[in-house]
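The structure under discussion appears below in the form of structure tokens.
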Amino acid sequence: MPVVSDFIHIVGDQNIRIGDGANESGYTDTFNTGGRNSNSNAFITFMIKGMTITNDNADVFVNDSKVGVLFNNNGGNSNHWHTQTVSLRGSTLKSGNNVLRVSPVPNPTSSSDDFDDYYIRNVICHFHQSA
Ligand SMILES: [Ca+2]
Ligand SMILES: [Ca+2]
């Protein structure tokens with residue numbers, strides 16, 4: 001049976017803020033990978049900016065399993081976008097709806113400002129599928 005590569009946009013050309021007053025419990029979204037091949041690996045790409053104060057990395061969960069982190073850019077320019085990739089097993093994905101959750105990161109420099117707010121956009125999951 002042939003295997004093809006498929007992908008789905010979880011977030012498109014839209015900035016999602018994660019931090020104080022926005023997604024403080026983490027950003028969650030659902031996406032469908034119906035027919036995914038559980039024996040193959042998958043990956044999710046993210047564009048990120050603004051994680052420039054924290055010493056922590058942002059945990060990334062799929063269906064409540066931690067699949068990786070978005071690494072901080074401590075000391076970087078908060079206006080510059082960059083791209084990161086999180087890899088996961090195809091078996092972590094469901095042949096149907098999944099839940100993505102991206103965690104906030106703490107701000108170590110202020111007692112009144114809890115989180116180092118950052119943004120994600122163009123979040124895309126690539127996966128293998130039996131055709
Ligand atoms: Ca903040
Ligand atoms: Ca920030």
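Residues are referred to by chain and number: the chain letter is A, B, ... according to the order shown in the structure tokens, the number counts from 1 in that chain, and ligands are numbered separately from 1 in the order shown.
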Per residue of chain A within 10 Å of ligand 2, record the nearest atom pair and its distance in Å to one decimal, counting only C-alpha atoms and all ligand atoms, with rows in chain order and ascending residue number, as JSON lines.
```
{"residue": "A:Arg17", "atom": "CA", "partner": "ligand 2", "partner_atom_place_in_ligand_line": "1 (Ca)", "distance": 9.6}
{"residue": "A:Ile18", "atom": "CA", "partner": "ligand 2", "partner_atom_place_in_ligand_line": "1 (Ca)", "distance": 9.2}
{"residue": "A:Gly19", "atom": "CA", "partner": "ligand 2", "partner_atom_place_in_ligand_line": "1 (Ca)", "distance": 8.2}
{"residue": "A:Lys49", "atom": "CA", "partner": "ligand 2", "partner_atom_place_in_ligand_line": "1 (Ca)", "distance": 7.7}
{"residue": "A:Gly50", "atom": "CA", "partner": "ligand 2", "partner_atom_place_in_ligand_line": "1 (Ca)", "distance": 4.1}
{"residue": "A:Met51", "atom": "CA", "partner": "ligand 2", "partner_atom_place_in_ligand_line": "1 (Ca)", "distance": 4.7}
{"residue": "A:Thr52", "atom": "CA", "partner": "ligand 2", "partner_atom_place_in_ligand_line": "1 (Ca)", "distance": 5.4}
{"residue": "A:Ile53", "atom": "CA", "partner": "ligand 2", "partner_atom_place_in_ligand_line": "1 (Ca)", "distance": 6.1}
{"residue": "A:Thr54", "atom": "CA", "partner": "ligand 2", "partner_atom_place_in_ligand_line": "1 (Ca)", "distance": 7.8}
{"residue": "A:Asn72", "atom": "CA", "partner": "ligand 2", "partner_atom_place_in_ligand_line": "1 (Ca)", "distance": 9.8}
{"residue": "A:Asn73", "atom": "CA", "partner": "ligand 2", "partner_atom_place_in_ligand_line": "1 (Ca)", "distance": 9.5}
{"residue": "A:Asn74", "atom": "CA", "partner": "ligand 2", "partner_atom_place_in_ligand_line": "1 (Ca)", "distance": 9.3}
{"residue": "A:Gly76", "atom": "CA", "partner": "ligand 2", "partner_atom_place_in_ligand_line": "1 (Ca)", "distance": 9.9}
{"residue": "A:Asn77", "atom": "CA", "partner": "ligand 2", "partner_atom_place_in_ligand_line": "1 (Ca)", "distance": 9.6}
{"residue": "A:Ser78", "atom": "CA", "partner": "ligand 2", "partner_atom_place_in_ligand_line": "1 (Ca)", "distance": 6.4}
{"residue": "A:Asn79", "atom": "CA", "partner": "ligand 2", "partner_atom_place_in_ligand_line": "1 (Ca)", "distance": 9.4}
{"residue": "A:Val105", "atom": "CA", "partner": "ligand 2", "partner_atom_place_in_ligand_line": "1 (Ca)", "distance": 9.1}
{"residue": "A:Pro106", "atom": "CA", "partner": "ligand 2", "partner_atom_place_in_ligand_line": "1 (Ca)", "distance": 9.7}
{"residue": "A:Asn107", "atom": "CA", "partner": "ligand 2", "partner_atom_place_in_ligand_line": "1 (Ca)", "distance": 8.2}
{"residue": "A:Phe115", "atom": "CA", "partner": "ligand 2", "partner_atom_place_in_ligand_line": "1 (Ca)", "distance": 7.8}
{"residue": "A:Asp116", "atom": "CA", "partner": "ligand 2", "partner_atom_place_in_ligand_line": "1 (Ca)", "distance": 4.3}
{"residue": "A:Asp117", "atom": "CA", "partner": "ligand 2", "partner_atom_place_in_ligand_line": "1 (Ca)", "distance": 4.1}
{"residue": "A:Tyr118", "atom": "CA", "partner": "ligand 2", "partner_atom_place_in_ligand_line": "1 (Ca)", "distance": 4.7}
{"residue": "A:Tyr119", "atom": "CA", "partner": "ligand 2", "partner_atom_place_in_ligand_line": "1 (Ca)", "distance": 8.2}
```
Who sits within 9 Å of segment 41-43 of chain A, only C-alpha atoms, same chain under 6 positions skipped, as a PyMOL selection string: chain A and resi 85-91+93+124-128
For segment 56-64 of chain A: contacts at 8 Å, only C-alpha atoms, fewer than 5 positions along chain excluded, given as a list of chain:residue names: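 What passes the distance filter is A:Val69, A:Leu70, A:Phe71, A:Asn72, A:Thr92, A:Leu93, A:Asn98, A:Val99, A:Leu100, A:Arg101, A:Val102, A:Ser103, A:Pro104, A:Val105, A:Pro106.
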From A:Thr109, A:Gln14, A:Ser130, A:Ser5, residue lying nearest Ile48 of chain A [only C-alpha atoms]: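 Checking each of A:Thr109, A:Gln14, A:Ser130, A:Ser5 against Ile48 of chain A, counting only C-alpha atoms, the winner is A:Gln14.
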Long-range neighbours of Met47 of chain A as a PyMOL selection string, 7 Å cut-off, only C-alpha atoms, 5 positions minimum in chain: chain A and resi 81-84+120-123
Which of segment 32-120 of chain A DSSP labels strand (DSSP E or B), written as a VMD selection string: chain A and resid 32 36 41 to 49 58 to 62 65 to 70 82 to 89 97 to 102 106 115 118 to 120
